[in-house]
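Printed here is upload_18.cif (mmCIF, C-alpha atoms):
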```cif
data_run
loop_
_atom_site.label_atom_id
_atom_site.label_comp_id
_atom_site.auth_asym_id
_atom_site.auth_seq_id
_atom_site.Cartn_x
_atom_site.Cartn_y
_atom_site.Cartn_z
CA MET I 1 -26.36 -6.20 62.44
CA ARG I 2 -27.87 -8.57 59.93
CA GLY I 3 -25.40 -9.69 57.33
CA GLY I 4 -22.62 -7.89 59.15
CA GLU I 5 -22.94 -4.54 57.39
CA PHE I 6 -25.46 -1.74 57.09
CA GLU I 7 -27.04 -1.22 53.69
CA GLY I 8 -26.25 2.40 52.86
CA LYS I 9 -27.36 4.65 50.05
CA SER I 10 -24.34 3.79 47.97
CA GLY I 11 -24.84 5.34 44.60
CA GLY I 12 -27.61 7.63 45.78
CA ALA I 13 -30.49 8.92 43.72
CA GLN I 14 -28.54 8.67 40.49
CA SER I 15 -27.11 5.20 41.02
CA PRO I 16 -26.75 3.22 37.77
CA PRO I 17 -29.11 0.23 37.73
CA ALA I 18 -26.44 -2.29 36.79
CA ASP I 19 -23.57 -0.77 38.74
CA GLY I 20 -22.13 -2.55 41.72
CA HIS I 21 -23.25 0.51 43.72
CA ALA I 22 -26.87 0.03 42.87
CA LEU I 23 -29.24 -0.49 45.78
CA PRO I 24 -30.80 -3.98 45.60
CA SER I 25 -34.35 -4.86 46.42
CA ARG I 26 -34.65 -4.34 50.19
CA ALA I 27 -36.71 -7.51 50.51
CA LEU I 28 -34.07 -9.52 48.70
CA THR I 29 -31.27 -7.93 50.71
CA ALA I 30 -32.92 -8.97 53.96
CA LEU I 31 -33.10 -12.55 52.74
CA THR I 32 -29.62 -13.09 51.32
CA THR I 33 -27.11 -11.35 53.57
CA SER I 34 -25.44 -14.24 55.42
CA ALA I 35 -21.66 -13.81 55.40
CA LEU I 36 -19.14 -16.52 54.62
CA ALA I 37 -18.65 -18.46 57.83
CA VAL I 38 -14.87 -18.38 58.16
CA PRO I 39 -13.41 -16.75 61.32
CA GLY I 40 -11.61 -13.53 60.49
CA LEU I 41 -13.14 -13.24 57.02
CA ALA I 42 -16.51 -11.74 57.88
CA LEU I 43 -19.03 -11.66 60.68
CA PRO I 44 -20.34 -15.15 61.48
CA ALA I 45 -23.06 -16.56 59.28
CA ARG I 46 -26.26 -17.35 61.14
CA ALA I 47 -27.74 -20.05 58.93
CA ASP I 48 -28.44 -22.21 61.97
CA THR I 49 -27.46 -20.01 64.94
CA PRO I 50 -30.23 -17.88 66.48
CA ILE I 51 -29.07 -14.64 68.05
CA GLU I 52 -28.87 -14.76 71.84
CA GLN I 53 -28.48 -11.05 72.59
CA ALA I 54 -30.55 -8.08 71.52
CA SER I 55 -28.73 -5.51 69.41
CA ALA I 56 -29.31 -2.07 67.95
CA ALA I 57 -27.46 -0.10 65.29
CA TYR I 58 -27.52 3.42 63.89
CA ALA I 59 -25.88 4.46 60.63
CA PHE I 60 -25.47 7.88 59.04
CA SER I 61 -24.14 8.61 55.58
CA TYR I 62 -23.64 11.74 53.50
CA TYR I 63 -23.65 11.24 49.73
CA VAL I 64 -22.79 14.20 47.49
CA GLU I 65 -22.31 14.38 43.73
CA ASP I 66 -19.82 16.71 42.10
CA ASP I 67 -21.31 19.72 40.32
CA LEU I 68 -21.75 19.29 36.59
CA ALA I 69 -18.66 20.63 34.80
CA PRO I 70 -19.27 24.02 33.07
CA GLY I 71 -18.05 22.62 29.75
CA ARG I 72 -20.76 19.93 29.80
CA PHE I 73 -23.61 22.19 30.87
CA SER I 74 -26.29 23.98 28.84
CA GLY I 75 -29.11 26.26 29.93
CA SER I 76 -29.91 28.32 32.99
CA GLY I 77 -30.57 25.48 35.45
CA ASP I 78 -28.52 24.61 38.50
CA ARG I 79 -25.22 22.72 38.04
CA GLN I 80 -25.36 21.54 41.65
CA ARG I 81 -26.39 17.89 41.68
CA TYR I 82 -27.78 15.51 44.26
CA GLU I 83 -26.84 15.24 47.88
CA VAL I 84 -28.42 12.65 50.16
CA LEU I 85 -28.41 12.49 53.97
CA THR I 86 -29.29 9.00 55.22
CA HIS I 87 -30.23 7.89 58.72
CA GLN I 88 -30.80 4.19 59.36
CA LEU I 89 -31.86 2.41 62.56
CA GLU I 90 -31.86 -1.36 62.98
CA LEU I 91 -33.08 -3.51 65.89
CA ASP I 92 -32.60 -7.27 66.31
CA PHE I 93 -33.86 -9.38 69.18
CA PRO I 94 -34.68 -13.04 69.92
CA VAL I 95 -38.30 -13.98 70.56
CA SER I 96 -37.81 -17.72 71.22
CA PRO I 97 -34.95 -20.26 71.19
CA ARG I 98 -35.57 -20.78 67.46
CA MET I 99 -36.80 -17.38 66.32
CA ASP I 100 -35.58 -13.80 66.11
CA VAL I 101 -36.94 -10.60 64.60
CA GLY I 102 -35.26 -7.67 62.87
CA ILE I 103 -36.73 -4.19 62.31
CA ASP I 104 -35.12 -1.65 59.98
CA PHE I 105 -36.09 2.01 59.53
CA LEU I 106 -34.44 4.36 57.03
CA GLN I 107 -34.85 8.06 56.25
CA GLU I 108 -33.20 9.76 53.28
CA LYS I 109 -33.23 13.50 52.71
CA MET I 110 -32.52 14.25 49.02
CA SER I 111 -31.90 17.62 47.38
CA GLY I 112 -30.28 19.04 44.26
CA ALA I 113 -30.84 19.31 40.52
CA SER I 114 -31.36 16.33 38.23
CA PRO I 115 -30.17 15.76 34.62
CA TRP I 116 -33.14 16.33 32.27
CA TYR I 117 -32.16 16.01 28.60
CA VAL I 118 -29.16 16.52 26.29
CA GLU I 119 -28.64 19.14 23.59
CA ALA I 120 -26.34 18.88 20.56
CA SER I 121 -23.82 21.63 19.88
CA GLY I 122 -22.01 20.45 16.79
CA ASP I 123 -20.28 17.24 17.79
CA GLU I 124 -20.47 18.15 21.47
CA ARG I 125 -23.24 16.98 23.81
CA LEU I 126 -24.36 19.34 26.59
CA GLN I 127 -26.57 18.47 29.56
CA VAL I 128 -29.70 20.44 30.45
CA MET I 129 -30.54 20.16 34.16
CA SER I 130 -33.91 20.41 35.86
CA GLY I 131 -34.93 24.01 36.37
CA ALA I 132 -35.84 23.64 40.05
CA THR I 133 -34.01 22.15 43.02
CA ILE I 134 -35.47 18.80 44.03
CA ASP I 135 -36.27 18.45 47.73
CA ASP I 136 -37.65 15.11 48.85
CA THR I 137 -37.57 12.69 51.76
CA ARG I 138 -37.79 8.92 51.53
CA TYR I 139 -38.96 6.73 54.40
CA ASP I 140 -38.38 3.00 54.34
CA PHE I 141 -39.56 0.44 56.89
CA SER I 142 -38.93 -3.29 56.75
CA ALA I 143 -39.11 -6.24 59.13
CA ASP I 144 -37.92 -9.81 58.88
CA LEU I 145 -38.44 -12.94 60.94
CA ASP I 146 -35.89 -15.78 61.08
CA TYR I 147 -36.83 -19.31 62.09
CA TYR I 148 -33.97 -21.73 62.83
CA LEU I 149 -33.72 -25.49 62.48
CA GLU I 150 -30.79 -27.76 63.35
CA ALA I 151 -28.80 -26.84 60.25
CA ALA I 152 -31.09 -24.40 58.48
CA LYS I 153 -32.78 -21.02 58.59
CA ASP I 154 -36.01 -19.76 57.00
CA THR I 155 -36.65 -16.02 56.62
CA PHE I 156 -39.77 -13.99 55.90
CA SER I 157 -39.58 -10.29 55.09
CA ALA I 158 -41.94 -7.40 54.31
CA GLY I 159 -41.84 -3.62 54.14
CA PHE I 160 -42.62 -0.41 52.28
CA SER I 161 -40.87 2.70 50.96
CA LYS I 162 -42.51 6.14 50.57
CA GLU I 163 -41.49 9.39 48.87
CA GLN I 164 -43.51 12.44 47.80
CA ASP I 165 -44.26 10.90 44.42
CA TYR I 166 -43.53 7.23 45.01
CA LEU I 167 -44.80 4.28 47.04
CA SER I 168 -43.37 0.77 47.03
CA ILE I 169 -44.36 -2.32 48.99
CA HIS I 170 -42.30 -5.49 49.08
CA GLY I 171 -42.13 -8.90 50.69
CA GLY I 172 -40.37 -12.20 50.32
CA ALA I 173 -39.25 -15.53 51.72
CA GLY I 174 -35.90 -17.28 51.76
CA THR I 175 -34.13 -20.34 53.10
CA GLU I 176 -30.62 -21.54 53.92
CA ARG I 177 -29.47 -25.15 54.43
CA SER I 178 -26.06 -26.29 55.69
CA TYR I 179 -24.41 -29.60 54.75
CA PHE I 180 -21.18 -31.57 55.28
CA ASP I 181 -20.53 -30.52 58.88
CA LYS I 182 -21.72 -27.03 58.02
CA ASN I 183 -18.93 -26.49 55.50
CA THR I 184 -21.44 -25.97 52.65
CA THR I 185 -24.41 -23.61 52.73
CA VAL I 186 -27.08 -23.51 50.02
CA SER I 187 -29.46 -20.54 49.97
CA GLY I 188 -32.40 -19.36 47.91
CA SER I 189 -35.09 -16.71 48.06
CA VAL I 190 -37.91 -15.01 46.22
CA ALA I 191 -39.01 -11.39 46.68
CA TYR I 192 -41.87 -9.37 45.21
CA SER I 193 -42.44 -5.61 44.97
CA TYR I 194 -45.19 -3.36 43.63
CA ASP I 195 -44.59 0.36 42.99
CA TRP I 196 -46.78 3.38 42.24
CA ILE I 197 -45.51 6.74 40.97
CA GLU I 198 -47.32 10.07 40.52
CA PRO I 199 -44.67 12.54 39.26
CA ASN I 200 -44.57 16.01 40.77
CA ASN I 201 -45.87 18.89 38.65
CA PRO I 202 -46.78 16.90 35.49
CA GLN I 203 -48.18 20.11 33.95
CA LEU I 204 -44.68 21.61 33.78
CA SER I 205 -43.62 19.34 30.93
CA LEU I 206 -45.38 17.61 28.06
CA ALA I 207 -42.70 14.94 28.43
CA ARG I 208 -43.89 14.04 31.95
CA PRO I 209 -46.74 11.50 32.42
CA SER I 210 -49.24 11.83 35.26
CA ALA I 211 -48.86 8.35 36.81
CA GLY I 212 -47.40 4.87 36.44
CA GLU I 213 -47.25 1.46 38.11
CA LYS I 214 -44.87 -1.50 37.98
CA TRP I 215 -44.17 -4.80 39.69
CA ALA I 216 -41.08 -6.96 39.96
CA ILE I 217 -40.08 -10.40 41.15
CA ASP I 218 -36.55 -11.32 42.33
CA LEU I 219 -35.14 -14.85 42.41
CA PHE I 220 -31.87 -15.60 44.17
CA GLY I 221 -29.74 -18.69 44.69
CA GLY I 222 -26.30 -19.23 46.13
CA VAL I 223 -23.73 -21.72 47.42
CA SER I 224 -21.04 -20.95 50.01
CA GLN I 225 -18.18 -23.39 50.53
CA ILE I 226 -15.47 -23.40 53.19
CA LEU I 227 -12.33 -24.54 51.37
CA THR I 228 -9.83 -24.59 54.24
CA ARG I 229 -9.63 -23.22 57.77
CA ALA I 230 -8.54 -19.93 56.22
CA SER I 231 -10.43 -19.65 52.93
CA ALA I 232 -13.95 -19.72 51.56
CA ILE I 233 -15.74 -19.13 48.28
CA GLN I 234 -19.29 -18.15 47.38
CA PHE I 235 -21.22 -18.25 44.10
CA THR I 236 -24.60 -16.54 43.68
CA ALA I 237 -27.08 -16.04 40.85
CA ASN I 238 -29.86 -13.45 40.72
CA PHE I 239 -32.71 -13.03 38.23
CA LYS I 240 -35.23 -10.18 38.22
CA HIS I 241 -38.29 -9.64 36.05
CA SER I 242 -39.94 -6.19 36.00
CA ASN I 243 -43.20 -5.26 34.30
CA GLY I 244 -45.11 -1.98 33.92
CA TYR I 245 -44.00 1.65 33.85
CA LEU I 246 -40.18 1.40 33.73
CA SER I 247 -39.49 4.83 32.22
CA ASP I 248 -38.17 7.82 34.19
CA PRO I 249 -40.77 10.63 34.29
CA TYR I 250 -38.09 13.20 35.15
CA LYS I 251 -35.96 12.41 32.09
CA ALA I 252 -36.57 13.47 28.47
CA ILE I 253 -34.82 13.36 25.10
CA ARG I 254 -34.52 15.93 22.33
CA GLY I 255 -34.18 15.59 18.59
CA ILE I 256 -31.19 16.97 16.73
CA GLY I 257 -33.29 18.56 13.98
CA PRO I 258 -34.12 22.31 14.13
CA SER I 259 -37.86 21.59 14.32
CA ASP I 260 -37.56 18.72 16.81
CA GLY I 261 -38.68 19.33 20.37
CA ILE I 262 -38.47 17.56 23.72
CA ILE I 263 -40.32 14.27 24.20
CA SER I 264 -40.67 11.86 27.07
CA ASP I 265 -38.23 9.20 28.19
CA GLN I 266 -39.84 5.95 27.01
CA ARG I 267 -38.57 2.46 27.82
CA PRO I 268 -39.92 -1.07 27.25
CA GLU I 269 -42.62 -2.17 29.68
CA ARG I 270 -40.73 -5.37 30.48
CA LYS I 271 -37.21 -6.00 31.67
CA ASN I 272 -35.38 -9.22 32.46
CA GLN I 273 -32.05 -8.89 34.19
CA GLY I 274 -29.64 -11.39 35.68
CA SER I 275 -26.33 -11.40 37.47
CA LEU I 276 -23.68 -13.87 38.58
CA MET I 277 -21.29 -13.16 41.43
CA LEU I 278 -18.19 -14.94 42.65
CA ARG I 279 -16.65 -14.06 46.03
CA TYR I 280 -13.41 -15.33 47.55
CA ARG I 281 -12.12 -14.76 51.09
CA HIS I 282 -8.72 -15.72 52.51
CA HIS I 283 -7.56 -15.10 56.06
CA PHE I 284 -3.97 -14.63 57.23
CA GLU I 285 -3.35 -15.27 60.92
CA MET I 286 -0.08 -13.51 61.79
CA ASN I 287 0.01 -13.45 65.60
CA ASP I 288 -2.22 -12.55 68.56
CA LEU I 289 -2.14 -8.87 67.62
CA PHE I 290 -2.01 -8.82 63.82
CA SER I 291 -4.19 -10.66 61.30
CA ALA I 292 -5.64 -9.84 57.90
CA SER I 293 -7.93 -11.11 55.17
CA VAL I 294 -8.33 -10.42 51.48
CA HIS I 295 -11.78 -10.08 49.88
CA ALA I 296 -12.08 -10.47 46.10
CA ASP I 297 -15.41 -10.18 44.20
CA TYR I 298 -16.43 -10.37 40.55
CA ARG I 299 -19.94 -9.70 39.23
CA PHE I 300 -21.34 -10.11 35.73
CA TYR I 301 -24.67 -8.49 34.82
CA ALA I 302 -26.83 -8.65 31.68
CA ASP I 303 -30.37 -7.64 30.72
CA ASP I 304 -32.61 -7.75 27.66
CA TRP I 305 -32.14 -4.01 27.10
CA SER I 306 -28.65 -4.98 25.82
CA VAL I 307 -26.82 -3.68 28.89
CA THR I 308 -23.97 -5.87 30.13
CA SER I 309 -21.57 -4.98 32.90
CA HIS I 310 -18.55 -6.23 34.81
CA THR I 311 -17.65 -5.32 38.39
CA PHE I 312 -14.34 -6.17 40.08
CA GLU I 313 -13.73 -5.38 43.73
CA LEU I 314 -10.71 -6.02 45.95
CA GLY I 315 -10.43 -5.26 49.66
CA TRP I 316 -7.84 -5.81 52.37
CA HIS I 317 -9.00 -6.16 55.99
CA GLN I 318 -6.08 -5.46 58.33
CA ASN I 319 -6.63 -6.18 62.02
CA ILE I 320 -4.36 -4.40 64.51
CA GLY I 321 -5.55 -5.34 67.96
CA PRO I 322 -9.13 -4.07 68.35
CA VAL I 323 -8.94 -1.91 65.20
CA THR I 324 -9.61 -3.03 61.61
CA ILE I 325 -8.45 -0.92 58.64
CA VAL I 326 -10.14 -1.73 55.32
CA PRO I 327 -8.85 -0.19 52.07
CA ALA I 328 -10.81 -1.32 49.00
CA ALA I 329 -11.02 -0.54 45.28
CA ARG I 330 -13.66 -1.23 42.65
CA TYR I 331 -13.76 -1.14 38.85
CA TYR I 332 -16.99 -1.12 36.82
CA SER I 333 -17.76 -1.10 33.08
CA GLN I 334 -21.04 -1.33 31.16
CA SER I 335 -22.33 -1.25 27.59
CA LYS I 336 -25.28 0.90 26.51
CA ALA I 337 -28.97 0.05 26.23
CA ASP I 338 -30.15 -0.58 22.68
CA PHE I 339 -32.54 2.43 22.78
CA TYR I 340 -30.07 4.87 24.37
CA ASP I 341 -29.03 8.03 22.49
CA THR I 342 -27.85 11.38 23.76
CA VAL I 343 -30.11 13.02 21.12
CA LEU I 344 -32.47 11.60 18.51
CA ALA I 345 -31.70 11.75 14.80
CA ALA I 346 -33.58 14.36 12.77
CA GLY I 347 -37.16 13.24 12.14
CA ALA I 348 -36.98 10.32 14.56
CA GLN I 349 -39.65 11.90 16.78
CA GLN I 350 -42.26 11.03 14.17
CA SER I 351 -42.16 7.50 15.57
CA ASP I 352 -43.54 8.46 18.96
CA ARG I 353 -44.10 4.84 19.99
CA ALA I 354 -40.40 3.97 19.78
CA ASP I 355 -38.37 3.44 22.92
CA ARG I 356 -35.78 6.14 23.62
CA SER I 357 -33.75 7.52 26.51
CA SER I 358 -30.83 9.88 27.09
CA ASP I 359 -30.46 8.76 30.73
CA PHE I 360 -26.73 8.53 31.53
CA ARG I 361 -27.37 5.40 33.59
CA LEU I 362 -28.14 3.58 30.32
CA SER I 363 -25.08 4.92 28.50
CA PRO I 364 -21.75 3.14 27.91
CA TYR I 365 -19.19 4.10 30.55
CA GLY I 366 -16.75 2.86 33.15
CA ALA I 367 -16.15 3.79 36.78
CA VAL I 368 -13.45 3.46 39.38
CA SER I 369 -13.87 3.92 43.11
CA TRP I 370 -11.82 3.53 46.25
CA LYS I 371 -12.81 3.33 49.89
CA ILE I 372 -11.17 3.39 53.31
CA LYS I 373 -12.97 2.16 56.42
CA LEU I 374 -11.96 1.97 60.10
CA GLU I 375 -13.73 -0.38 62.51
CA THR I 376 -13.28 -1.06 66.21
CA ALA I 377 -15.00 -2.95 69.01
CA LEU I 378 -15.40 -1.84 72.63
CA GLU I 379 -16.44 -4.90 74.61
CA ASP I 380 -17.92 -5.18 78.10
CA ILE I 381 -18.03 -1.42 78.66
CA LEU I 382 -21.11 -1.62 80.91
CA ASP I 383 -22.54 -4.12 83.39
CA TYR I 384 -26.13 -3.94 84.54
CA ARG I 385 -28.90 -6.15 85.88
CA PRO I 386 -31.71 -6.45 83.30
CA GLY I 387 -35.20 -7.21 84.49
CA SER I 388 -36.96 -10.42 83.54
CA ARG I 389 -38.80 -8.74 80.66
CA LEU I 390 -35.54 -7.48 79.15
CA GLU I 391 -33.92 -10.88 79.62
CA GLY I 392 -36.81 -12.37 77.67
CA ILE I 393 -35.85 -10.37 74.55
CA GLY I 394 -32.11 -10.97 74.73
CA PHE I 395 -30.68 -8.43 77.20
CA SER I 396 -27.75 -10.14 78.94
CA GLY I 397 -26.49 -7.54 81.40
CA GLY I 398 -23.47 -6.37 79.37
CA LEU I 399 -22.85 -3.91 76.55
CA ASP I 400 -20.52 -4.27 73.55
CA VAL I 401 -20.19 -1.31 71.17
CA PHE I 402 -18.95 -1.46 67.57
CA LEU I 403 -17.91 1.67 65.65
CA SER I 404 -17.21 2.19 61.96
CA VAL I 405 -16.30 5.23 59.83
CA SER I 406 -15.64 5.24 56.09
CA TYR I 407 -14.97 7.45 53.07
CA GLU I 408 -15.53 6.54 49.41
CA ARG I 409 -14.68 8.34 46.17
CA TYR I 410 -16.31 7.37 42.84
CA LEU I 411 -15.36 8.60 39.34
CA SER I 412 -17.01 7.68 36.03
CA ASP I 413 -16.03 8.38 32.43
CA GLY I 414 -16.55 6.93 28.98
CA ALA I 415 -12.79 6.43 28.71
CA PHE I 416 -12.87 4.03 31.67
CA ALA I 417 -15.13 1.50 29.90
CA PHE I 418 -14.14 -1.84 28.36
CA VAL I 419 -16.11 -0.88 25.26
CA SER I 420 -15.12 1.96 22.93
CA VAL I 421 -17.23 5.07 23.65
CA ASP I 422 -17.31 7.83 21.05
CA GLU I 423 -17.93 11.48 21.83
CA GLN I 424 -21.53 11.45 20.65
CA ASP I 425 -22.44 8.43 22.80
CA GLU I 426 -20.79 9.56 26.03
CA ALA I 427 -23.36 11.02 28.42
CA PRO I 428 -22.38 14.51 29.65
CA ALA I 429 -24.15 13.81 32.97
CA LEU I 430 -21.91 10.93 34.10
CA VAL I 431 -21.66 11.25 37.86
CA ASP I 432 -18.74 11.56 40.28
CA PHE I 433 -19.54 11.39 43.97
CA GLN I 434 -18.25 11.03 47.53
CA ILE I 435 -19.71 9.20 50.52
CA TRP I 436 -18.90 9.71 54.19
CA ALA I 437 -20.46 7.15 56.53
CA PHE I 438 -20.59 6.41 60.27
CA THR I 439 -22.10 3.42 62.08
CA VAL I 440 -22.47 2.64 65.76
CA SER I 441 -24.03 -0.59 67.02
CA GLY I 442 -24.53 -2.11 70.41
CA ARG I 443 -25.04 -5.67 71.62
CA PHE I 444 -26.84 -5.91 74.94
#
```
Is it possible to express this structure as structure tokens?
Amino acid sequence: MRGGEFEGKSGGAQSPPADGHALPSRALTALTTSALAVPGLALPARADTPIEQASAAYAFSYYVEDDLAPGRFSGSGDRQRYEVLTHQLELDFPVSPRMDVGIDFLQEKMSGASPWYVEASGDERLQVMSGATIDDTRYDFSADLDYYLEAAKDTFSAGFSKEQDYLSIHGGAGTERSYFDKNTTVSGSVAYSYDWIEPNNPQLSLARPSAGEKWAIDLFGGVSQILTRASAIQFTANFKHSNGYLSDPYKAIRGIGPSDGIISDQRPERKNQGSLMLRYRHHFEMNDLFSASVHADYRFYADDWSVTSHTFELGWHQNIGPVTIVPAARYYSQSKADFYDTVLAAGAQQSDRADRSSDFRLSPYGAVSWKIKLETALEDILDYRPGSRLEGIGFSGGLDVFLSVSYERYLSDGAFAFVSVDEQDEAPALVDFQIWAFTVSGRF
């Protein structure tokens, strides 16, 4: 599998945009997923090593959000929130001694109720949910081509994503160069996407526009350095510029005054966001049966909507013979956007051109999560004689199977944040969720 790990729907339909769980641009992900090339720390980097065997992988994940607590709920809508079933299929095969191709198909089945707007009840803030259960399916297809040089790799990627009300196309190009006996790898990429949205049932709400478009460009750069035979470090920087319709048509905001009504979620038409990430890996070789590695990550994020965030993640990879056990924990904290409010002040709706949003993903909050994953490899479980055509695309006559199962729990709360969050700023729709995931892959 490219980059060593499947890209799941971590964070789901309600994933915060700056959170470490947020799903990155699929084009950018396909271009920047090389692991640190230290044995035992991660799967081998392929900056200058074409794949020799064809492989296929299937991943399934079930993402489910906790129901909205009764004490934070207002109205007659459904307290049951999103659940997402994800199926992902990936194929990789060589097409020449210097070139290989990857194909990735994803289907997500989404259902549940979505947070709509917030009402004030004295000093309390109560969430109003969408009146109908959302039922949608997303299809995503992407392909990438890798071309290898003596100590380098160039990648080209393209794809599209389609939902009932949404279409996105994306593409990009990236490069990696290795230096100093391949101990240092420098990488960079650029990715572009263009999106169209036509919200369902715009006549149901005056706060819902009929259509919108946006485009975005992603720039990425990184340096990976092997420090010793057992340790490595990586530093990356990412900048993204978005332009166009950046509001959420399914979100609204209400004024606190008795005569104030519900108006649309409205955000700036431009957004610049950047992040810096530092990763450290250290491997402990105990004996032929036991070994382990520690993975430590820190990410800083900032944008010109005044949101800043910090993400800390720590994982332990314990190898016991053919089985790897991976416990991991993550902490996340963000500040609020400068136009975020749970409700608008009395009379504020008179300025209809002003930016405003009660979206909990733009609120100040913190989150903690923990994860446990089990991995194992079953090597040489089948011998066969491939024909010449199969040999031409990387079939070798043997089969290795790799299995992985995982569980993750995520909790968010204003009290978890670095910043002080008062009762009127804390979003009542902050999400808690669970993810179960399973992956099986084969190398032929």
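Taking atom CA of I:Asp154 and atom CA of I:Asn183 as the two end points, the separation is 18.4 Å.
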For this session: Find the distance between atom CA of I:Ala427 and atom CA of I:Glu119 and write it in Å to one decimal.
Result: 10.8 Å
Exercise. Quick one: distance from atom CA of I:Leu344 to atom CA of I:Ser74 in Å, one decimal?
Worked result: 17.3 Å
Exercise. Looking at all atoms listed in the file, which of I:Ala429, I:Arg79, I:Asp380, I:Asp136 is the one that sits closest to I:Phe444?
Worked result: I:Asp380
Could I get the residues of stretch 127-242 of chain I with an atom no further than 9 Å from an atom of stretch 86-98 of chain I, each paired with its nearest atom pair and that distance in Å to one decimal, using only C-alpha atoms, sorted by chain and residue number, as JSON lines?
```
{"residue": "I:Asp146", "atom": "CA", "partner": "I:Arg98", "partner_atom": "CA", "distance": 8.1}
{"residue": "I:Tyr147", "atom": "CA", "partner": "I:Arg98", "partner_atom": "CA", "distance": 5.7}
{"residue": "I:Tyr148", "atom": "CA", "partner": "I:Arg98", "partner_atom": "CA", "distance": 5.0}
{"residue": "I:Leu149", "atom": "CA", "partner": "I:Arg98", "partner_atom": "CA", "distance": 7.1}
```
Problem set entry | Residue contacts of stretch 268-278 of chain I (9 Å, only C-alpha atoms) excluding same-chain residues fewer than 2 positions away, as a PyMOL selection string | chain I and resi 214+233-247+266+280+296-305+355
Exercise. Got a sec: who's within 7 Å of I:Leu362, counting only C-alpha atoms, leaving out chain neighbours fewer than 3 positions off, as a ChimeraX atom specification?
Worked result: /I:336-337,340,359
Problem set entry | Close residues, I:Ala252 itself excluded, 7 Å, all atoms listed in the file, min 3 positions apart in chain, as a PyMOL selection string | chain I and resi 116-117+207+262-265+357-358
Exercise. Written as a PyMOL selection string, which residues does the PyMOL selection byres ((chain I and resi 364) around 8) give for the file shown?
Worked result: chain I and resi 333-336+362-363+365-366+414+417+419+421+425-426
Problem set entry | Among listed residues I:Ser187, I:Thr137, I:Ser178, I:Ser111, nearest I:Thr155 (using all atoms listed in the file) | I:Ser187
For this session: List the residues matched by the PyMOL selection byres ((chain I and resi 231) around 7) in the displayed structure as a PyMOL selection string, ordered by chain and then by residue number.
Result: chain I and resi 38+226-230+232+281-283
